file upload-v3.cif (mmCIF, C-alpha atoms and all ligand atoms)
data_final
#
loop_
_atom_site.label_atom_id
_atom_site.label_comp_id
_atom_site.auth_asym_id
_atom_site.auth_seq_id
_atom_site.Cartn_x
_atom_site.Cartn_y
_atom_site.Cartn_z
CA MET A 2 126.51 130.73 76.13
CA SER A 3 128.31 133.60 74.35
CA GLU A 4 130.11 133.15 71.09
CA HIS A 5 133.52 133.09 72.79
CA SER A 6 132.77 130.93 75.79
CA MET A 7 133.30 127.25 75.43
CA THR A 8 132.29 124.51 77.80
CA ALA A 9 135.18 122.51 79.15
CA LEU A 10 132.81 119.65 79.90
CA ILE A 11 133.31 116.66 77.67
CA ALA A 12 130.49 116.09 75.16
CA ALA A 13 128.88 113.25 77.14
CA ALA A 14 128.67 115.40 80.28
CA GLN A 15 127.16 118.50 78.74
CA ASP A 16 123.48 117.63 78.94
CA ARG A 17 123.24 115.59 82.10
CA GLU A 18 120.12 115.48 84.24
CA GLY A 19 121.65 116.83 87.48
CA ASN A 20 118.89 115.69 89.80
CA ASP A 21 117.25 112.30 90.09
CA PRO A 22 113.62 112.62 88.88
CA ILE A 23 112.35 111.24 92.19
CA PHE A 24 114.26 113.80 94.23
CA ALA A 25 113.06 116.51 91.81
CA LEU A 26 109.39 115.60 92.28
CA ASN A 27 109.91 115.40 96.03
CA THR A 28 111.36 118.92 96.00
CA GLU A 29 108.38 120.17 93.99
CA ALA A 30 105.97 118.58 96.47
CA PHE A 31 107.78 120.22 99.40
CA ALA A 32 107.64 123.62 97.66
CA ARG A 33 103.84 123.31 97.37
CA VAL A 34 103.59 122.35 101.04
CA ALA A 35 105.68 125.41 101.92
CA ALA A 36 103.26 127.52 99.86
CA GLY A 37 100.42 126.30 102.08
CA GLU A 38 98.87 123.56 99.93
CA SER A 39 97.67 120.23 101.25
CA ILE A 40 99.96 117.75 99.48
CA LEU A 41 100.17 113.98 99.66
CA ASN A 42 103.77 113.15 98.83
CA ALA A 43 104.19 109.45 97.97
CA THR A 44 107.46 109.86 96.07
CA MET A 45 110.42 109.06 98.31
CA GLY A 46 111.54 105.66 99.51
CA SER A 47 112.01 106.61 103.15
CA LEU A 48 109.76 105.13 105.82
CA ALA A 49 107.75 107.78 107.68
CA HIS A 50 105.49 107.54 110.72
CA ASP A 51 101.83 108.38 110.18
CA GLU A 52 102.13 111.71 112.00
CA SER A 53 105.68 112.49 113.01
CA GLY A 54 107.85 112.28 109.91
CA LEU A 55 110.86 110.11 109.11
CA ALA A 56 111.09 106.94 111.20
CA VAL A 57 114.34 106.67 113.15
CA MET A 58 115.31 103.66 115.24
CA PRO A 59 116.46 104.66 118.77
CA SER A 60 118.88 101.71 118.95
CA VAL A 61 120.59 103.00 115.81
CA THR A 62 120.85 106.55 117.16
CA GLU A 63 122.37 105.10 120.33
CA ALA A 64 124.84 102.92 118.42
CA ILE A 65 126.01 105.89 116.36
CA ALA A 66 126.45 108.05 119.47
CA ALA A 67 128.44 105.32 121.22
CA VAL A 68 131.13 104.99 118.53
CA SER A 69 134.56 106.17 119.67
CA PRO A 70 135.18 109.53 117.94
CA GLN A 71 138.82 108.69 117.38
CA GLN A 72 138.04 105.35 115.78
CA ALA A 73 135.34 106.92 113.61
CA ALA A 74 137.68 109.69 112.49
CA GLY A 75 140.24 107.22 111.16
CA TYR A 76 140.08 105.57 107.76
CA SER A 77 138.48 102.18 107.53
CA LEU A 78 140.27 99.64 105.35
CA ILE A 79 139.57 100.09 101.64
CA ALA A 80 137.52 96.89 101.45
CA GLY A 81 135.68 97.87 104.63
CA SER A 82 136.22 97.43 108.34
CA PRO A 83 136.84 93.66 108.76
CA PRO A 84 134.38 93.22 111.68
CA TYR A 85 131.76 95.07 109.60
CA VAL A 86 132.05 92.88 106.51
CA GLU A 87 132.08 89.78 108.72
CA ALA A 88 128.96 91.03 110.52
CA VAL A 89 127.17 91.63 107.22
CA LYS A 90 128.03 88.11 106.03
CA ARG A 91 126.82 86.61 109.33
CA ASP A 92 123.65 88.71 109.11
CA LEU A 93 122.96 87.16 105.72
CA PHE A 94 124.20 83.60 106.10
CA GLY A 95 124.43 82.80 109.83
CA ASP A 96 126.44 79.61 110.29
CA THR A 97 125.59 78.10 106.92
CA GLU A 98 128.11 77.03 104.30
CA LEU A 99 127.27 80.16 102.33
CA TYR A 100 129.20 82.17 104.91
CA ASP A 101 132.39 80.28 104.02
CA GLN A 102 131.70 80.68 100.32
CA SER A 103 131.41 84.46 100.48
CA VAL A 104 133.62 87.55 100.38
CA ALA A 105 132.45 91.12 100.85
CA VAL A 106 133.45 94.76 100.62
CA ALA A 107 131.89 97.84 102.17
CA THR A 108 130.16 100.23 99.76
CA PRO A 109 128.34 103.56 100.07
CA GLY A 110 124.88 102.04 100.44
CA GLY A 111 123.22 99.66 98.03
CA SER A 112 123.89 102.20 95.26
CA GLY A 113 127.64 101.68 95.71
CA ALA A 114 127.11 97.93 95.63
CA VAL A 115 125.16 98.14 92.36
CA TYR A 116 127.86 100.39 90.87
CA ASN A 117 130.60 97.99 91.91
CA ALA A 118 128.67 95.03 90.49
CA ILE A 119 127.93 96.60 87.10
CA LEU A 120 131.53 97.72 86.72
CA ASN A 121 132.98 94.29 87.46
CA PHE A 122 130.48 91.90 85.88
CA VAL A 123 129.46 93.73 82.70
CA GLU A 124 131.98 94.43 79.93
CA GLU A 125 132.18 97.98 78.61
CA GLY A 126 129.60 98.37 75.83
CA HIS A 127 127.58 95.41 77.13
CA SER A 128 124.41 95.45 79.24
CA ALA A 129 123.13 93.95 82.45
CA LEU A 130 119.72 92.27 82.34
CA THR A 131 116.74 93.00 84.56
CA THR A 132 112.94 93.21 84.65
CA GLU A 133 111.13 95.82 82.52
CA TYR A 134 110.13 97.65 85.68
CA PHE A 135 113.29 98.51 87.58
CA TRP A 136 114.87 100.88 90.07
CA GLY A 137 115.56 104.06 88.05
CA PRO A 138 119.27 104.43 88.92
CA TYR A 139 120.24 101.06 87.35
CA PRO A 140 120.48 102.48 83.81
CA ILE A 141 121.96 105.76 85.07
CA ILE A 142 124.76 103.92 86.86
CA ALA A 143 125.24 101.61 83.88
CA LYS A 144 125.35 104.45 81.37
CA HIS A 145 127.85 106.36 83.48
CA LEU A 146 130.08 103.31 83.33
CA GLY A 147 129.74 102.91 79.55
CA ARG A 148 127.38 99.96 80.04
CA GLY A 149 123.64 99.56 79.55
CA ILE A 150 120.57 97.75 80.89
CA ASP A 151 118.53 95.27 78.84
CA THR A 152 115.11 94.29 80.13
CA PHE A 153 112.63 91.45 79.77
CA ARG A 154 108.86 91.55 80.22
CA MET A 155 108.28 91.28 83.96
CA PHE A 156 104.78 89.84 84.31
CA GLY A 157 103.22 87.01 82.34
CA PRO A 158 99.49 86.81 81.64
CA ASP A 159 99.00 85.11 85.03
CA GLY A 160 100.53 88.12 86.81
CA ARG A 161 103.60 86.11 87.89
CA LEU A 162 107.22 86.62 86.86
CA ASP A 163 107.47 85.94 83.14
CA PHE A 164 110.03 83.15 82.99
CA ASP A 165 109.72 82.72 79.24
CA ALA A 166 110.75 86.33 78.80
CA MET A 167 113.56 85.96 81.31
CA GLN A 168 114.87 82.89 79.52
CA ALA A 169 114.74 84.71 76.18
CA GLY A 170 116.61 87.66 77.71
CA ILE A 171 119.31 85.39 79.10
CA ASP A 172 119.67 83.46 75.85
CA GLU A 173 119.95 86.64 73.82
CA GLN A 174 122.63 88.05 76.10
CA ILE A 175 124.61 84.83 76.03
CA GLU A 176 124.50 84.89 72.27
CA LYS A 177 125.40 88.58 71.98
CA GLN A 178 127.74 89.03 74.92
CA GLY A 179 128.83 85.57 75.98
CA ARG A 180 128.00 86.56 79.54
CA VAL A 181 125.11 87.79 81.71
CA LEU A 182 124.70 89.92 84.80
CA LEU A 183 121.11 89.26 85.84
CA ILE A 184 119.75 91.73 88.41
CA LEU A 185 116.87 90.46 90.56
CA ASN A 186 115.47 92.97 93.03
CA PHE A 187 113.31 90.78 95.24
CA PRO A 188 111.72 90.63 97.76
CA CYS A 189 109.68 93.83 97.69
CA HIS A 190 110.70 94.85 94.19
CA ASN A 191 111.09 98.56 93.57
CA PRO A 192 108.91 99.91 91.92
CA THR A 193 106.23 97.20 91.72
CA GLY A 194 106.22 95.78 95.27
CA TYR A 195 106.29 92.26 93.82
CA SER A 196 107.95 89.42 95.77
CA LEU A 197 108.77 86.02 94.30
CA ASP A 198 107.18 83.00 95.98
CA THR A 199 109.06 79.77 96.68
CA GLN A 200 108.26 78.28 93.30
CA GLU A 201 109.36 81.39 91.44
CA TRP A 202 112.65 81.53 93.37
CA GLN A 203 113.31 77.91 92.50
CA ALA A 204 112.55 78.51 88.83
CA ALA A 205 114.79 81.59 88.76
CA ALA A 206 117.65 79.72 90.41
CA GLU A 207 117.30 76.80 88.03
CA MET A 208 117.44 79.18 85.07
CA VAL A 209 120.59 80.82 86.44
CA ARG A 210 122.18 77.40 87.11
CA GLU A 211 121.42 76.24 83.58
CA ALA A 212 122.71 79.48 82.02
CA GLY A 213 125.85 79.31 84.16
CA ALA A 214 126.67 75.96 82.57
CA ARG A 215 126.75 77.66 79.15
CA ALA A 216 128.36 81.03 79.82
CA ALA A 217 129.86 83.37 82.42
CA VAL A 218 126.82 84.24 84.54
CA ALA A 219 126.47 86.35 87.66
CA CYS A 220 123.19 86.98 89.45
CA LEU A 221 122.96 90.18 91.47
CA LEU A 222 120.36 89.93 94.21
CA ASP A 223 119.48 93.49 95.15
CA ILE A 224 117.90 92.87 98.54
CA ALA A 225 117.54 96.48 99.66
CA TYR A 226 114.10 95.77 101.18
CA HIS A 227 114.52 92.21 102.43
CA ARG A 228 113.85 93.09 106.07
CA PHE A 229 110.40 94.40 105.07
CA GLY A 230 109.20 91.37 103.15
CA GLY A 231 107.45 89.49 105.94
CA PRO A 232 108.21 85.98 107.21
CA ASP A 233 109.10 84.59 103.75
CA ALA A 234 111.46 87.41 102.85
CA ASP A 235 114.59 85.28 103.08
CA GLU A 236 113.41 82.55 100.71
CA TRP A 237 116.02 83.67 98.19
CA LEU A 238 118.68 82.28 100.52
CA ASP A 239 117.43 78.72 99.98
CA VAL A 240 118.06 78.88 96.25
CA VAL A 241 121.53 80.46 96.33
CA PRO A 242 123.23 77.01 96.48
CA THR A 243 121.47 76.03 93.23
CA MET A 244 122.78 79.14 91.47
CA LEU A 245 126.25 78.59 92.92
CA GLU A 246 126.57 75.22 91.21
CA THR A 247 127.60 77.04 88.05
CA ALA A 248 127.26 80.80 88.55
CA THR A 249 128.52 83.65 90.71
CA VAL A 250 126.01 85.19 93.10
CA ILE A 251 126.42 88.74 94.31
CA ILE A 252 124.30 90.52 96.87
CA ALA A 253 123.72 94.25 97.27
CA TRP A 254 123.22 94.76 101.01
CA THR A 255 122.32 98.10 102.58
CA ALA A 256 121.66 99.57 106.00
CA SER A 257 119.64 102.38 104.39
CA LYS A 258 116.29 100.63 104.81
CA SER A 259 116.99 97.91 107.42
CA PHE A 260 118.32 100.45 109.90
CA CYS A 261 116.48 103.54 108.58
CA GLN A 262 119.85 105.20 107.86
CA TYR A 263 119.45 106.42 104.30
CA GLY A 264 121.91 109.26 104.87
CA ALA A 265 124.66 107.17 106.44
CA ARG A 266 125.57 105.48 103.13
CA VAL A 267 126.45 102.14 104.69
CA GLY A 268 126.24 99.12 102.42
CA ALA A 269 128.15 96.12 101.14
CA LEU A 270 128.62 94.03 98.05
CA VAL A 271 128.84 90.35 98.95
CA ALA A 272 130.07 87.85 96.36
CA LEU A 273 129.69 84.08 96.54
CA HIS A 274 131.51 81.42 94.56
CA ARG A 275 132.08 77.73 95.07
CA GLU A 276 135.86 77.96 94.50
CA GLU A 277 138.30 79.63 96.83
CA SER A 278 140.64 80.84 94.07
CA GLU A 279 137.73 82.61 92.39
CA ARG A 280 136.67 84.18 95.70
CA GLU A 281 140.14 85.65 96.04
CA LYS A 282 139.87 87.18 92.56
CA LEU A 283 136.40 88.49 93.35
CA LEU A 284 137.54 90.17 96.55
CA ASN A 285 140.49 91.79 94.80
CA ALA A 286 138.33 93.07 91.94
CA LEU A 287 135.65 94.51 94.24
CA ALA A 288 138.19 96.12 96.58
CA TYR A 289 140.05 97.61 93.60
CA THR A 290 136.84 99.33 92.51
CA CYS A 291 136.36 100.70 96.04
CA ARG A 292 139.86 102.18 95.91
CA ALA A 293 139.36 103.57 92.43
CA THR A 294 135.99 105.13 93.21
CA TRP A 295 135.22 106.20 96.80
CA SER A 296 138.32 104.81 98.54
CA ASN A 297 136.99 104.06 101.99
CA SER A 298 133.37 103.89 103.04
CA ASN A 299 131.92 105.73 106.04
CA HIS A 300 133.80 104.40 109.07
CA LEU A 301 131.41 105.77 111.70
CA GLY A 302 128.49 104.07 110.02
CA GLN A 303 130.30 100.76 109.63
CA LEU A 304 131.31 100.77 113.32
CA ALA A 305 127.76 101.54 114.46
CA VAL A 306 126.17 98.94 112.18
CA THR A 307 128.71 96.32 113.30
CA GLU A 308 127.58 96.90 116.88
CA LEU A 309 123.92 96.69 115.84
CA LEU A 310 124.53 93.38 114.11
CA THR A 311 126.75 91.74 116.71
CA ASN A 312 125.90 93.08 120.19
CA PRO A 313 123.10 90.72 121.26
CA GLU A 314 121.24 93.23 123.43
CA LEU A 315 121.44 96.02 120.86
CA LYS A 316 120.55 93.65 118.02
CA ALA A 317 117.45 92.43 119.89
CA ARG A 318 116.32 96.02 120.39
CA ALA A 319 116.99 96.95 116.76
CA ASP A 320 115.06 93.88 115.58
CA ALA A 321 112.10 94.78 117.83
CA GLU A 322 112.10 98.41 116.68
CA ARG A 323 112.26 97.33 113.04
CA GLN A 324 109.41 94.91 113.59
CA GLU A 325 107.23 97.80 114.75
CA LEU A 326 108.00 99.58 111.50
CA VAL A 327 107.33 96.46 109.45
CA ASP A 328 103.95 96.19 111.22
CA LEU A 329 103.20 99.86 110.52
CA LEU A 330 103.94 99.34 106.84
CA GLN A 331 101.99 96.10 106.74
CA GLN A 332 98.89 97.86 108.03
CA ARG A 333 99.17 100.34 105.15
CA VAL A 334 99.67 97.53 102.64
CA GLU A 335 96.48 95.81 103.78
CA VAL A 336 94.41 99.00 103.75
CA PHE A 337 95.82 99.92 100.33
CA ASN A 338 95.18 96.50 98.80
CA ALA A 339 91.57 96.46 100.02
CA ALA A 340 90.86 99.99 98.76
CA ALA A 341 92.67 99.40 95.43
CA SER A 342 90.56 96.34 94.84
CA VAL A 343 87.32 98.26 95.49
CA ALA A 344 88.50 101.03 93.13
CA GLU A 345 89.38 98.36 90.53
CA LEU A 346 92.97 99.52 90.20
CA ASP A 347 95.34 97.16 88.45
CA VAL A 348 98.15 96.32 90.90
CA PRO A 349 100.64 93.44 91.05
CA ARG A 350 100.65 90.97 93.94
CA TYR A 351 101.77 93.14 96.84
CA GLU A 352 102.51 91.57 100.19
CA GLY A 353 104.85 94.11 101.74
CA GLY A 354 107.59 96.61 101.13
CA PHE A 355 108.04 100.32 100.62
CA PHE A 356 106.37 100.65 97.20
CA VAL A 357 103.64 99.38 94.96
CA ALA A 358 103.01 100.08 91.28
CA VAL A 359 99.61 100.85 89.82
CA PHE A 360 99.40 100.00 86.13
CA SER A 361 98.14 102.63 83.73
CA PRO A 362 98.11 102.95 79.95
CA ASN A 363 100.12 106.14 80.42
CA GLY A 364 101.86 106.67 83.75
CA HIS A 365 102.92 110.21 82.85
CA VAL A 366 99.34 111.35 82.28
CA THR A 367 98.27 109.55 85.45
CA ALA A 368 100.95 111.21 87.58
CA ALA A 369 100.30 114.66 86.05
CA THR A 370 96.56 114.35 86.76
CA MET A 371 97.35 113.32 90.32
CA ARG A 372 99.73 116.25 90.80
CA ASP A 373 96.86 118.57 89.84
CA MET A 374 95.01 116.98 92.76
CA GLY A 375 97.99 117.56 95.07
CA VAL A 376 99.09 113.91 95.08
CA TYR A 377 102.65 113.04 94.10
CA VAL A 378 103.70 109.63 92.78
CA ILE A 379 106.47 108.59 90.39
CA PRO A 380 105.52 108.20 86.72
CA MET A 381 106.72 105.38 84.49
CA ASP A 382 105.55 104.64 80.96
CA THR A 383 102.92 102.05 81.89
CA ALA A 384 102.51 102.52 85.65
CA VAL A 385 103.04 104.87 88.53
CA ARG A 386 105.01 104.04 91.66
CA VAL A 387 103.37 104.76 95.00
CA ALA A 388 105.54 105.06 98.11
CA LEU A 389 103.34 103.61 100.82
CA CYS A 390 106.35 103.92 103.12
CA ALA A 391 105.61 107.66 103.09
CA THR A 392 101.78 107.48 103.15
CA SER A 393 99.71 107.21 106.34
CA VAL A 394 96.68 104.93 106.56
CA GLN A 395 94.53 108.06 106.88
CA GLN A 396 95.82 109.30 103.52
CA VAL A 397 95.01 106.11 101.63
CA PRO A 398 91.45 107.12 100.57
CA ARG A 399 92.77 110.36 99.04
CA LEU A 400 95.56 108.44 97.35
CA ILE A 401 93.16 105.88 95.87
CA GLU A 402 90.78 108.57 94.66
CA ALA A 403 93.63 110.36 92.88
CA LEU A 404 94.98 107.11 91.41
CA ARG A 405 91.56 106.21 90.04
CA ALA A 406 91.18 109.68 88.50
CA GLY A 407 94.73 109.50 87.13
CA VAL A 408 94.23 106.11 85.50
CA ASP A 409 90.86 107.22 84.08
CA ALA A 410 92.53 110.30 82.59
CA ALA A 411 95.25 108.14 81.04
CA GLU A 412 92.65 105.80 79.55
CA THR A 413 90.77 108.75 78.04
CA HIS A 414 94.04 110.20 76.75
CA GLU A 415 95.09 106.94 75.11
CA ALA A 416 91.63 106.39 73.61
CA ALA A 417 91.72 109.91 72.13
CA GLY A 418 95.21 109.23 70.78
CA ALA A 419 94.06 105.97 69.22
CA ALA A 420 91.07 107.74 67.62
CA THR A 421 93.17 110.40 65.89
N1 LIG A 501 118.28 99.07 95.25
C1 LIG A 501 117.02 99.46 95.26
C2 LIG A 501 116.02 98.66 94.51
C3 LIG A 501 116.63 100.61 95.94
O1 LIG A 501 115.35 100.99 95.93
C4 LIG A 501 117.61 101.36 96.62
C5 LIG A 501 117.25 102.60 97.30
O2 LIG A 501 116.27 103.24 97.08
C6 LIG A 501 118.92 100.89 96.59
C7 LIG A 501 119.23 99.74 95.89
C8 LIG A 501 120.08 101.59 97.22
O3 LIG A 501 119.84 102.28 98.32
P1 LIG A 501 120.98 103.01 99.11
O4 LIG A 501 122.05 103.40 98.18
O5 LIG A 501 120.30 104.15 99.75
O6 LIG A 501 121.45 102.01 100.11
#
call {"tool": "encode", "arguments": {"input": "upload-v3.cif", "output": "structure tokens"}}
result
Amino acid sequence: MSEHSMTALIAAAQDREGNDPIFALNTEAFARVAAGESILNATMGSLAHDESGLAVMPSVTEAIAAVSPQQAAGYSLIAGSPPYVEAVKRDLFGDTELYDQSVAVATPGGSGAVYNAILNFVEEGHSALTTEYFWGPYPIIAKHLGRGIDTFRMFGPDGRLDFDAMQAGIDEQIEKQGRVLLILNFPCHNPTGYSLDTQEWQAAAEMVREAGARAAVACLLDIAYHRFGGPDADEWLDVVPTMLETATVIIAWTASKSFCQYGARVGALVALHREESEREKLLNALAYTCRATWSNSNHLGQLAVTELLTNPELKARADAERQELVDLLQQRVEVFNAAASVAELDVPRYEGGFFVAVFSPNGHVTAATMRDMGVYVIPMDTAVRVALCATSVQQVPRLIEALRAGVDAAETHEAAGAAT
């Protein structure tokens, strides 16, 4: 910049990372493909067929095409199209009491739901609490809102969720902040692939219930991948009533993964509370944030998803099409787990979902070594994230070979560092 030019950007905005690191690596991988290289790109969280690219559900395409253009062109209500938010609540809770205990607003995808949650349940200058491995945008969204993210150690020595660490994290936040927004991204946690079992869900709910008796506690269940978690994927629902005894439960719901509509930006933030007066406050607060941020969410998408959730024939077709994709992914998970075990890679329990993490003493060295071999994964400090949703079964041997080489390189690098 010349001596006389001056940026009009405020100080905090002057050195922003304009692109998400995942999108940036994906772009780099595509550039190498365009240059004629053979690249295995396991970066993006979009489900792809083995041969033919991004998976699209025909029922969804049909539902979008069938929406009345005039209806779609009009604004939806600020809080979302009423039939849409009702359909999302029914999708989650069916005819259970939880349906009556919930309110919801439409959001631009799960990202909008997370934004809305952090803004309304974390005081400025305070932090939300989540596992040490987390979806990268959480701290970006929090920072943008003048909030932060605190973390607790995710895995105990037995490889299960570290409840001692979670308890310590909650206690510390109660002491420091007098309140907690705990973010749990299960089933099919991004980036590790970990899903809680029944016992872990019960323990988590009990901890939230106990904390809620001492302070203002909200638990955000980010269930972006819940339709890909196999038959036990909705176990979290059974423990919501325990949390609700003392706490607020909020749910980030998205059509991005369940309906393979990442670009449509259709999501919802659902909030549950045992008292009606509090539900009214919750709905007002969440809708206010919609108005103050994106105004109305995508009407076309809401109308199409409403149809997909409520028209019995269309819903049955969508469920069957999704099941085929779940099966496709499951096949990859099984092949990956078997090969990772033979290659002695250190992976968490992985039963389904778009991603799995492979632990490494230095994820950045691992990912860089893999990139040299034409294989793209997402680096973290102590692991790399592998998008099996974007990796065919045929590519798994190449992926495993690169992971093994990448972890070996990181081990050598760390040993050399320790020796100097
Ligand atoms: N939460 C998690 C853990 C995710 O991985 C994603 C998407 O990658 C989202 C929320 C939000 O997704 P979207 O905004 O596309 O609905």
call {"tool": "residues_near_ligand", "arguments": {"input": "upload-v3.cif", "ligand": "ligand LIG 501 (chain A)", "cutoff": "6 Å", "atoms": "all atoms listed in the file", "output": "list of chain:residue names"}}
result
A:Gly46, A:Gly110, A:Gly111, A:Ser112, A:Trp136, A:Asn186, A:Asn191, A:Asp223, A:Ala225, A:Thr255, A:Ser257, A:Tyr263
call {"tool": "residues_around", "arguments": {"input": "upload-v3.cif", "residues": "A:Gly213", "least_positions_apart": "5", "cutoff": "12 Å", "atoms": "all atoms listed in the file", "output": "ChimeraX atom specification"}}
result
/A:171-172,175,179-183,206-208,218-220,243-250
call {"tool": "atom_distance", "arguments": {"input": "upload-v3.cif", "atom1": "atom CA of A:Ala214", "atom2": "atom CA of A:Ala272"}}
result
18.5 Å
call {"tool": "atom_distance", "arguments": {"input": "upload-v3.cif", "atom1": "atom CA of A:Ala67", "atom2": "atom CA of A:Gly113"}}
result
25.8 Å
call {"tool": "atom_distance", "arguments": {"input": "upload-v3.cif", "atom1": "atom CA of A:Arg280", "atom2": "atom CA of A:Gly81"}}
result
16.4 Å
call {"tool": "closest_residue", "arguments": {"input": "upload-v3.cif", "among": "A:Ala317, A:Ala129, A:Val89, A:Cys291", "to": "A:Glu173", "atoms": "all atoms listed in the file"}}
result
A:Ala129
call {"tool": "closest_residue", "arguments": {"input": "upload-v3.cif", "among": "A:Asn42, A:Asn27, A:Thr413, A:Thr132", "to": "A:Val387", "atoms": "only C-alpha atoms"}}
result
A:Asn42
call {"tool": "residues_around", "arguments": {"input": "upload-v3.cif", "residues": "A:Pro59", "least_positions_apart": "5", "cutoff": "12 Å", "atoms": "all atoms listed in the file", "output": "list in words"}}
result
Ala64, Ile65, Ala66, Phe260, Cys261, Gln262, Leu309, Leu315, Lys316, Arg318, Ala319, Asp320, Ala321, Glu322 and Arg323 of chain A
call {"tool": "residues_around", "arguments": {"input": "upload-v3.cif", "residues": "A:Gly353", "least_positions_apart": "5", "cutoff": "9 Å", "atoms": "all atoms listed in the file", "output": "PyMOL selection string"}}
result
chain A and resi 188-189+194-196+229-231+327+330-331+334-335
call {"tool": "write_last_selection", "arguments": {"input": "upload-v3.cif", "atoms": "C-alpha atoms", "output": "JSON list (two decimals), keeping the file's coordinate frame"}}
result
[["chain", "number", "residue", "atom", "x", "y", "z"],
["A", 188, "PRO", "CA", 111.72, 90.63, 97.76],
["A", 189, "CYS", "CA", 109.68, 93.83, 97.69],
["A", 194, "GLY", "CA", 106.22, 95.78, 95.27],
["A", 195, "TYR", "CA", 106.29, 92.26, 93.82],
["A", 196, "SER", "CA", 107.95, 89.42, 95.77],
["A", 229, "PHE", "CA", 110.40, 94.40, 105.07],
["A", 230, "GLY", "CA", 109.20, 91.37, 103.15],
["A", 231, "GLY", "CA", 107.45, 89.49, 105.94],
["A", 327, "VAL", "CA", 107.33, 96.46, 109.45],
["A", 330, "LEU", "CA", 103.94, 99.34, 106.84],
["A", 331, "GLN", "CA", 101.99, 96.10, 106.74],
["A", 334, "VAL", "CA", 99.67, 97.53, 102.64],
["A", 335, "GLU", "CA", 96.48, 95.81, 103.78]]
call {"tool": "residues_around", "arguments": {"input": "upload-v3.cif", "residues": "A:Leu287", "least_positions_apart": "2", "cutoff": "12 Å", "atoms": "all atoms listed in the file", "output": "number ranges by chain"}}
result
A: 79-81, 104-108, 113-122, 251, 269-272, 280-285, 289-296
call {"tool": "write_last_selection", "arguments": {"input": "upload-v3.cif", "atoms": "C-alpha atoms", "output": "short mmCIF file (atom, residue, chain, number, x, y, z; two decimals), in the frame of the given file"}}
result
data_model
loop_
_atom_site.label_atom_id
_atom_site.label_comp_id
_atom_site.auth_asym_id
_atom_site.auth_seq_id
_atom_site.Cartn_x
_atom_site.Cartn_y
_atom_site.Cartn_z
CA ILE A 79 139.57 100.09 101.64
CA ALA A 80 137.52 96.89 101.45
CA GLY A 81 135.68 97.87 104.63
CA VAL A 104 133.62 87.55 100.38
CA ALA A 105 132.45 91.12 100.85
CA VAL A 106 133.45 94.76 100.62
CA ALA A 107 131.89 97.84 102.17
CA THR A 108 130.16 100.23 99.76
CA GLY A 113 127.64 101.68 95.71
CA ALA A 114 127.11 97.93 95.63
CA VAL A 115 125.16 98.14 92.36
CA TYR A 116 127.86 100.39 90.87
CA ASN A 117 130.60 97.99 91.91
CA ALA A 118 128.67 95.03 90.49
CA ILE A 119 127.93 96.60 87.10
CA LEU A 120 131.53 97.72 86.72
CA ASN A 121 132.98 94.29 87.46
CA PHE A 122 130.48 91.90 85.88
CA ILE A 251 126.42 88.74 94.31
CA ALA A 269 128.15 96.12 101.14
CA LEU A 270 128.62 94.03 98.05
CA VAL A 271 128.84 90.35 98.95
CA ALA A 272 130.07 87.85 96.36
CA ARG A 280 136.67 84.18 95.70
CA GLU A 281 140.14 85.65 96.04
CA LYS A 282 139.87 87.18 92.56
CA LEU A 283 136.40 88.49 93.35
CA LEU A 284 137.54 90.17 96.55
CA ASN A 285 140.49 91.79 94.80
CA TYR A 289 140.05 97.61 93.60
CA THR A 290 136.84 99.33 92.51
CA CYS A 291 136.36 100.70 96.04
CA ARG A 292 139.86 102.18 95.91
CA ALA A 293 139.36 103.57 92.43
CA THR A 294 135.99 105.13 93.21
CA TRP A 295 135.22 106.20 96.80
CA SER A 296 138.32 104.81 98.54
#
call {"tool": "residues_around", "arguments": {"input": "upload-v3.cif", "residues": "A:Met381", "least_positions_apart": "3", "cutoff": "7 Å", "atoms": "all atoms listed in the file", "output": "list in words"}}
result
Gly364, His365, Ala384 and Val385 of chain A
call {"tool": "residues_near_point", "arguments": {"input": "upload-v3.cif", "point": "(131.3, 83.4, 102.1)", "cutoff": "10 Å", "atoms": "all atoms listed in the file", "output": "list in words"}}
result
Glu87, Lys90, Arg91, Leu93, Phe94, Thr97, Glu98, Leu99, Tyr100, Asp101, Gln102, Ser103, Val104, Ala105, Val271, Ala272, Leu273, His274, Arg275, Glu277 and Arg280 of chain A
call {"tool": "closest_residue", "arguments": {"input": "upload-v3.cif", "among": "A:Ala388, A:Val209, A:Ala416, A:Asp409", "to": "A:Leu41", "atoms": "only C-alpha atoms"}}
result
A:Ala388
call {"tool": "closest_residue", "arguments": {"input": "upload-v3.cif", "among": "A:Ala166, A:Ala340, A:Val378, A:Ala49", "to": "A:Pro398", "atoms": "only C-alpha atoms"}}
result
A:Ala340
call {"tool": "closest_residue", "arguments": {"input": "upload-v3.cif", "among": "A:Val348, A:Ile224, A:Ile11, A:Val240", "to": "A:Glu201", "atoms": "all atoms listed in the file"}}
result
A:Val240
call {"tool": "closest_residue", "arguments": {"input": "upload-v3.cif", "among": "A:Leu301, A:Ile150, A:Val397, A:Met374", "to": "A:Ala339", "atoms": "only C-alpha atoms"}}
result
A:Val397
